[in-house]
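What follows is a single structure, written as structure tokens, with notes after it.
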Amino acid sequence: MGGRISQYQGPALMSFIRVARDWLDRAPTGNPVDRLNARFIQILMIGLGAATLFSRLYFIAIQDHSHAGPVMSLDQVTDLGSDLAVIAASLGGMIVIRRGHFARGIQLFLFIYLLALMANFATTGYRHAPLDPTPTLLLAVGGVVLGTRTLWVVYTAVLAAFALGQLADALWLAEPRPSFAVAFHVFPMLVIAYLLVAFAIDSTTRALRTMLAEATERSEALAATNQRLQREMEERERTQHQLIHSQKLDAIGRAASGVAHDFDNVLSVILGYAAQREQLADVGTHALLAAMEGVELAALRALSISQKLLNFSREDVVDNQVFDAGDALRELEPLLRQLLGRYVQPVLKAPLVGLPVQLDRSAFELMVLNIAANARDAMPEGGRFTMGLEVLHERTLVQLTLADTGMGMPDEVCAKVFEPFYTTKPFGHGTGIGLSVVAAMVEAAHGSIDVYSQPGQGTRFVIHLPLHAETRALTA
């Protein structure tokens, strides 16, 4: 039975200690130094008050009441009053601290405790006073928690209490009374000893407070720097988003002439069928239906191109999604034809199996359009722009290869091709930010991009993007 009780006492005691510690830590104080000292100060007040109360109760319990007189002597009254004052100081200080006045609660505690100490020495003297570490503890509390000024006030009050007790020994306490020289013979030693203690506390506390003030200042400076960096990152993200949108509009602008030409062809087909309406009507219903089918196909082609332009030009926020890279290239092919013009042939080499990747689809399309625009400029006499897709490294990466048969680039140009604002095009024909935006988007998608080129041998961009994780798991 005893073993079972002790088995439950451990967790119960730990739970009580944890609850008490949490309660002590909830003392309302905004100063970081006070917050560090709050638990110790409250434990000190509770400990001194409880010790004084239990000592008084123990003294009452063991006192021989048969020889006690009907009236208490002055020193007994003072001793009882001092104990009650210490208990009241501990209780009052705790109440004031728990109401959010940390420094004021400690000042109240020290003031009452020092008054009780002086009253005790004045009625019992210094000669018969027991060795008491409390004055040193009061010095530590005043110096560490409230600072230099309070430390020296407590130092002066403690020495005044000692002097008052030695004065009582020499003047008004019971015989035999020592002379002033005998009564005060330890006072110089007390002055020096407590001076050294106060000086040590003051020096240590001053250094700690200086270090804490510097740490707080650095912490505030670091917080301000973090906030500034956060604002700069947000501004950079907004700027990058606007840059990407401007690149979309630039790509659309480059494709505009091809789109206009294609719409002209569509309208020519429709007008041609409309001009032949009478002849077609004479041929019969079958000819009219065939003509209407041709008109529908031409209109659907124009609608597809215009819809692609509208969707691509929207200034949406980044929306990472899972999509098939092959399907995205197939759907982008009509717009690519308009961008490349009639003399550059787009060629798509993609497997029929799905190659899902996870990133912003408009960013993926913008990568291809940016590189295709540079390929068109590198092939003024015409050529071929090849888009290839394949899976690498045991279905963990998708490799997108974009190659042209243009004039190529020397090594020194390849080394700088992804740098912002670097361009070899004449003024007014390029900004130098297209490929740097592509590189930034590939990096944001946790991929990589490389360029391979030689003069006269074309250029090849190789982009690696991670295959979607769920797809890797299903095919593993």
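Residue names in the structure tokens use chain letters A, B, ... in the order shown, residue numbers from 1 in each chain, and ligand numbers from 1 in the order shown.
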Identify, on the basis of only C-alpha atoms, every residue whose closest approach to Asp25 of chain A does not exceed 12 Å; exclude the query and any residue fewer than 3 positions from it along the same chain; express the result as a list in words.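 Result of the neighbour search: Arg18, Val19, Ala20, Arg21, Asp22, Pro28, Thr29, Asp34, Arg35, Leu36, Asn37, Ala38, Arg39, Phe40, Ile41, Gln42, Ile43, Ile97 and Arg98 of chain A.
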Please identify which residues in segment 337-375 of chain A DSSP calls alpha helix (DSSP H) from the backbone, and express them as JSON, numbers by chain. {"A": [337, 338, 339, 340, 361, 362, 363, 364, 365, 366, 367, 368, 369, 370, 371, 372, 373, 374, 375]}
Just-selected residues, C-alpha atoms written as a PDB file, in the first residue's frame:
```pdb
ATOM      1  CA  ARG A 337       3.427  29.405 -84.816  1.00  0.00           C
ATOM      2  CA  GLN A 338       2.262  33.008 -84.705  1.00  0.00           C
ATOM      3  CA  LEU A 339       5.329  34.043 -82.695  1.00  0.00           C
ATOM      4  CA  LEU A 340       7.867  32.227 -84.891  1.00  0.00           C
ATOM      5  CA  ARG A 361       1.411  26.969 -65.894  1.00  0.00           C
ATOM      6  CA  SER A 362       1.626  30.504 -67.234  1.00  0.00           C
ATOM      7  CA  ALA A 363       5.259  30.614 -66.022  1.00  0.00           C
ATOM      8  CA  PHE A 364       5.960  27.379 -67.923  1.00  0.00           C
ATOM      9  CA  GLU A 365       4.404  28.829 -71.082  1.00  0.00           C
ATOM     10  CA  LEU A 366       6.324  32.074 -70.642  1.00  0.00           C
ATOM     11  CA  MET A 367       9.626  30.138 -70.443  1.00  0.00           C
ATOM     12  CA  VAL A 368       8.920  28.502 -73.805  1.00  0.00           C
ATOM     13  CA  LEU A 369       7.695  31.722 -75.438  1.00  0.00           C
ATOM     14  CA  ASN A 370      10.732  33.716 -74.253  1.00  0.00           C
ATOM     15  CA  ILE A 371      13.200  31.163 -75.589  1.00  0.00           C
ATOM     16  CA  ALA A 372      11.161  30.787 -78.811  1.00  0.00           C
ATOM     17  CA  ALA A 373      11.271  34.566 -79.343  1.00  0.00           C
ATOM     18  CA  ASN A 374      15.067  34.539 -79.016  1.00  0.00           C
ATOM     19  CA  ALA A 375      15.222  31.560 -81.394  1.00  0.00           C
TER      20      ALA A 375
END
```
Output as JSON lines one row per residue of segment 389-431 of chain A within 8 Å of segment 457-468 of chain A: the closest atom pair and its distance in Å to one decimal place, counting only C-alpha atoms, sorted by chain and residue number ascending.
```
{"residue": "A:Arg395", "atom": "CA", "partner": "A:Leu467", "partner_atom": "CA", "distance": 6.9}
{"residue": "A:Thr396", "atom": "CA", "partner": "A:Leu467", "partner_atom": "CA", "distance": 5.3}
{"residue": "A:Leu397", "atom": "CA", "partner": "A:Pro466", "partner_atom": "CA", "distance": 4.5}
{"residue": "A:Val398", "atom": "CA", "partner": "A:Leu465", "partner_atom": "CA", "distance": 5.2}
{"residue": "A:Gln399", "atom": "CA", "partner": "A:His464", "partner_atom": "CA", "distance": 4.7}
{"residue": "A:Leu400", "atom": "CA", "partner": "A:Ile463", "partner_atom": "CA", "distance": 5.0}
{"residue": "A:Thr401", "atom": "CA", "partner": "A:Val462", "partner_atom": "CA", "distance": 4.6}
{"residue": "A:Leu402", "atom": "CA", "partner": "A:Phe461", "partner_atom": "CA", "distance": 5.1}
{"residue": "A:Ala403", "atom": "CA", "partner": "A:Arg460", "partner_atom": "CA", "distance": 4.2}
{"residue": "A:Asp404", "atom": "CA", "partner": "A:Gly458", "partner_atom": "CA", "distance": 5.5}
{"residue": "A:Thr405", "atom": "CA", "partner": "A:Gly458", "partner_atom": "CA", "distance": 4.3}
{"residue": "A:Gly406", "atom": "CA", "partner": "A:Gly458", "partner_atom": "CA", "distance": 4.4}
{"residue": "A:Met407", "atom": "CA", "partner": "A:Gly458", "partner_atom": "CA", "distance": 5.4}
{"residue": "A:Gly408", "atom": "CA", "partner": "A:Gly458", "partner_atom": "CA", "distance": 4.2}
{"residue": "A:Met409", "atom": "CA", "partner": "A:Thr459", "partner_atom": "CA", "distance": 7.2}
```
How would the residues just chosen look if you wrote them out with C-alpha atoms as a PDB file, in the first residue's frame?
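As written to disk, again13.pdb reads:
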```pdb
ATOM      1  CA  ARG A 395      11.329   9.117 -63.379  1.00  0.00           C
ATOM      2  CA  THR A 396      12.379  11.889 -61.022  1.00  0.00           C
ATOM      3  CA  LEU A 397      13.076  14.665 -63.567  1.00  0.00           C
ATOM      4  CA  VAL A 398      11.427  15.974 -66.705  1.00  0.00           C
ATOM      5  CA  GLN A 399      13.881  17.329 -69.266  1.00  0.00           C
ATOM      6  CA  LEU A 400      12.595  20.034 -71.600  1.00  0.00           C
ATOM      7  CA  THR A 401      14.937  20.745 -74.519  1.00  0.00           C
ATOM      8  CA  LEU A 402      14.376  23.868 -76.636  1.00  0.00           C
ATOM      9  CA  ALA A 403      16.735  24.009 -79.618  1.00  0.00           C
ATOM     10  CA  ASP A 404      17.048  26.156 -82.718  1.00  0.00           C
ATOM     11  CA  THR A 405      19.148  25.998 -85.887  1.00  0.00           C
ATOM     12  CA  GLY A 406      20.176  29.628 -85.722  1.00  0.00           C
ATOM     13  CA  MET A 407      23.451  31.497 -85.689  1.00  0.00           C
ATOM     14  CA  GLY A 408      24.506  30.318 -82.202  1.00  0.00           C
ATOM     15  CA  MET A 409      26.533  32.141 -79.545  1.00  0.00           C
TER      16      MET A 409
END
```
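The neighbours of segment 110-117 of chain A here are the residues that come within 8 Å of it, using only C-alpha atoms and leaving out any residue fewer than 2 positions away in the same chain; they are Gly81, Ser82, Asp83, Ala85, Val86, Ala89, Ile106, Gln107, Leu108, Ala119, Asn120, Phe121, Leu138, Gly142, Val154, Ala157, Val158 and Ala161 of chain A.
Comparing the minimum interatomic distances between Thr216 of chain A and each of A:Ala168, A:Leu137, A:Val33, A:Leu13, counting only C-alpha atoms, we find that A:Val33 sits nearest.
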